[in-house]
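Peer 1: The structure's right below; bear with me while I get my questions together.
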Amino acid sequence: MPVRVRMAPSPTGLLHIGNVRTALFNWLYARHEGGEFRLRIENTDTSREVAEAVDHIQESLRWLGLDWDGPHTFQLDRIDDCRRVAEQLVAEAKAYEDEGAIRFRMPDEGSTGWDDVVRGRVEIPNETIEDLVLVRSDGRPTYNFASPLEDVWDGITHVIRGEDHISNTPKQINIIRAIGAEPPVYAHVPNVAGADGKKLSKRHGAVTVAEFRRDGYLPEALLNFLALLGWAPDGETTIMDREELVRRFELTRVSPSSAQFDYAKLDWLNGMYMRALSPQELAHRLVLWLGENGYDWDAELVARTAPLVQEKISRLAEFPAFAGFFFGEVEPDAGNLDGGGPMLAAAEEALASLEPFEAATIESALRGKAEELGLKPRQAFQPIRVAITGSKVSPGLFESIELLGRETTLSRLRAARAAF
RNA sequence: GGCGCAUUCGUCUAGUGGCCUAGGACACCGCCCUCUCACGGCGGCGGCACGGGUUCGAAUCCCGUAUGCGCCUCCA
């Protein structure tokens, strides 16, 4: 039987990164097995539904490149089917009415178990399972009723979901058996926690896909990082592109213990991906990011600065602060210029008529002046850097000067001298 | 409280009875490179939760304890 899995988010807001990790495992498994990955919106709790959520979820998945098969479906569309099944169960005395709601009669003795792909055999005593509400008194089916029913109707072969659903599983298995169907294979993947071991939330940093995107992470880097949270192909490999991830992913190698989200490692990995991009591609990503975040910066100039920042920043969002001096005026902090007066004057003199005005000639001219003044390179160049870029940290100075051009360079040097 | 799940360096992990004086990566520290910051290179610090078994031999198997997490909603 071909593999068919699904992602079943509830439309209550932006897509949480923990849900994405679970979705990724589903997607990787489906693609690895040549099966299908479906998207189902679990919207039976209309009171919590957020209007734009469905669009947000799809946009986030698309940005990450997690494509789903077929149209997305809504749980609410099958509300009548669910109700019919509930009535049938009542007719068969497998369920009963309770203050307007319909409850399922769980077995009282023995236990309900399954062979979890990630955890092995899990066995829950039936006496600890409550008779669960299938249909609310207002007629809407509950999640624990609708979800397993839809899994059956959709022909889902493997339910890959978070470990917080472990205790729901015996309930759902009993419902599936009650309607005479065969339960799917279950795989409960570990949760993703924050640095304190608690559920990943806002206070830990970015948690929604939209936030990671805004913070300048590359989707392929985020995907690579997420895949490694609870799974590893071996003990060595860290960087894997989408193709390799799909090729090597094994559900049976997913770890049963929960993992903490390490933002520092994500930053490192994102930097690795940014450096691996061609300068043209990096420029393209930067232009897109800038556009999405309200910067109306010249695309051609962005393309020319991209090579200068490629090894310096690890997220797209660092670009404005790091390379903004190419796109607008600077206000050097006079405190960072101290003692640089003579060198600034010397630089102005050296660059005024330098030909050609290129990084190599600029460098040798400035080094010559530094030597004349008896200054160490660091002492000599730092005031120039501050004057030109407005910061003590910047891309390579000589390349930056070349790109900035003679006119702008000289005027910034003059402005800095005037600041004394 | 009940039930369940989990437990290898600070973090992500490799490890399925001898290849482990436990390997890799991030972070951290030091050195090198160097116009700043990075990148890169080299080196260092650092771990099998605890206690019992089983076995010639256990990070690996079993039991218990501890700790963490999840669920116990007419939420999903």
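FYI, nothing fancy with the structure tokens labels: chains A, B, ... in order, residues from 1 per chain, ligands from 1 as they appear.
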Under the rule of at most 6 Å, produce a per-residue listing of chain B near chain A: chain, number, name, the closest pair of atoms, and the distance in Å, as a tab-separated table, using only C-alpha atoms (C1' of nucleotides).
Peer 2:
```
residue	atom	partner	partner_atom	distance
B:A6	C1'	A:Ser257	CA	5.2
B:A14	C1'	A:Gly235	CA	3.7
B:G24	C1'	A:Glu236	CA	4.8
B:C26	C1'	A:Lys265	CA	4.8
B:C35	C1'	A:Phe381	CA	5.5
B:U36	C1'	A:Val393	CA	5.0
B:C37	C1'	A:Val393	CA	5.1
B:A38	C1'	A:Lys312	CA	4.5
B:C39	C1'	A:Glu311	CA	5.5
B:G70	C1'	A:Asp164	CA	5.1
B:C71	C1'	A:Ser167	CA	5.6
B:C74	C1'	A:Arg136	CA	4.6
```
Peer 1: Name the residues of range 181-263 of chain A that come out as alpha helix (DSSP H) in a backbone DSSP run; write them as a list in words.
Peer 2: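 Taking range 181-263 of chain A and keeping alpha helix (DSSP H) gives Val209, Ala210, Glu211, Phe212, Arg213, Arg214, Pro219, Glu220, Ala221, Leu222, Leu223, Asn224, Phe225, Leu226, Ala227, Arg242, Glu243, Glu244, Leu245, Val246, Arg247, Arg248 and Tyr263 of chain A.
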Peer 1: Deliver the residues from the most recent selection as a file, using C-alpha atoms, as a JSON list (two decimals), in the first residue's frame.
Peer 2:
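As written to disk, part36.json reads:
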```json
[["chain", "number", "residue", "atom", "x", "y", "z"],
["A", 209, "VAL", "CA", 7.68, 30.63, 10.42],
["A", 210, "ALA", "CA", 6.84, 34.25, 9.69],
["A", 211, "GLU", "CA", 9.23, 35.38, 12.41],
["A", 212, "PHE", "CA", 12.10, 33.23, 11.16],
["A", 213, "ARG", "CA", 11.52, 34.59, 7.70],
["A", 214, "ARG", "CA", 11.51, 38.14, 8.95],
["A", 219, "PRO", "CA", 14.21, 28.36, 4.21],
["A", 220, "GLU", "CA", 16.65, 25.62, 3.23],
["A", 221, "ALA", "CA", 18.80, 26.31, 6.30],
["A", 222, "LEU", "CA", 15.78, 26.30, 8.59],
["A", 223, "LEU", "CA", 14.63, 23.03, 7.06],
["A", 224, "ASN", "CA", 18.07, 21.45, 7.50],
["A", 225, "PHE", "CA", 18.18, 22.59, 11.12],
["A", 226, "LEU", "CA", 14.66, 21.35, 11.87],
["A", 227, "ALA", "CA", 15.36, 17.96, 10.33],
["A", 242, "ARG", "CA", 16.57, 19.08, 0.55],
["A", 243, "GLU", "CA", 17.40, 16.23, -1.81],
["A", 244, "GLU", "CA", 19.81, 14.56, 0.56],
["A", 245, "LEU", "CA", 17.34, 14.97, 3.41],
["A", 246, "VAL", "CA", 14.67, 13.21, 1.39],
["A", 247, "ARG", "CA", 17.04, 10.49, 0.27],
["A", 248, "ARG", "CA", 18.37, 9.70, 3.73],
["A", 263, "TYR", "CA", 19.20, 29.39, 18.07]]
```
Peer 1: Residues of range 50-210 of chain A in strand (DSSP E or B) according to DSSP, as number ranges by chain?
Peer 2: A: 73-74, 95-98, 101-104, 111-116, 120-125, 133-135, 141, 158-162, 185-189, 192-193, 199, 208
Peer 1: Any idea what's packed within 8 Å of Ile175 in chain A, counting only C-alpha atoms (C1' of nucleotides), ignoring anything in its chain fewer than 2 positions away? Could you give it as a short mmCIF file (atom, residue, chain, number, x, y, z; two decimals) with N, CA and C atoms, in the first residue's frame?
Peer 2:
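As a result, out31.cif now contains:
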```cif
data_model
loop_
_atom_site.label_atom_id
_atom_site.label_comp_id
_atom_site.auth_asym_id
_atom_site.auth_seq_id
_atom_site.Cartn_x
_atom_site.Cartn_y
_atom_site.Cartn_z
N PHE A 104 -18.52 8.19 23.70
CA PHE A 104 -18.10 6.87 23.25
C PHE A 104 -17.87 5.98 24.47
N PHE A 145 -12.64 12.69 17.77
CA PHE A 145 -13.56 11.87 16.99
C PHE A 145 -13.33 12.10 15.49
N PRO A 148 -9.49 10.83 13.83
CA PRO A 148 -9.29 9.45 13.41
C PRO A 148 -10.23 9.03 12.28
N LYS A 171 -7.58 6.22 22.51
CA LYS A 171 -8.97 6.62 22.28
C LYS A 171 -9.28 6.52 20.80
N GLN A 172 -8.39 7.03 19.99
CA GLN A 172 -8.63 7.05 18.55
C GLN A 172 -8.61 5.65 17.96
N ILE A 173 -7.74 4.80 18.50
CA ILE A 173 -7.69 3.42 18.02
C ILE A 173 -9.02 2.72 18.30
N ARG A 177 -11.56 1.14 15.52
CA ARG A 177 -11.99 -0.27 15.55
C ARG A 177 -13.50 -0.38 15.64
N ALA A 178 -14.12 0.56 16.36
CA ALA A 178 -15.57 0.52 16.54
C ALA A 178 -16.30 0.69 15.22
N ILE A 179 -15.69 1.40 14.27
CA ILE A 179 -16.36 1.56 12.98
C ILE A 179 -15.88 0.48 12.00
#
```
Peer 1: Pick from B:C32, B:U67, B:G41, B:G47: nearest to U13 in chain B, with only C-alpha atoms (C1' of nucleotides) counted?
Peer 2: B:G47
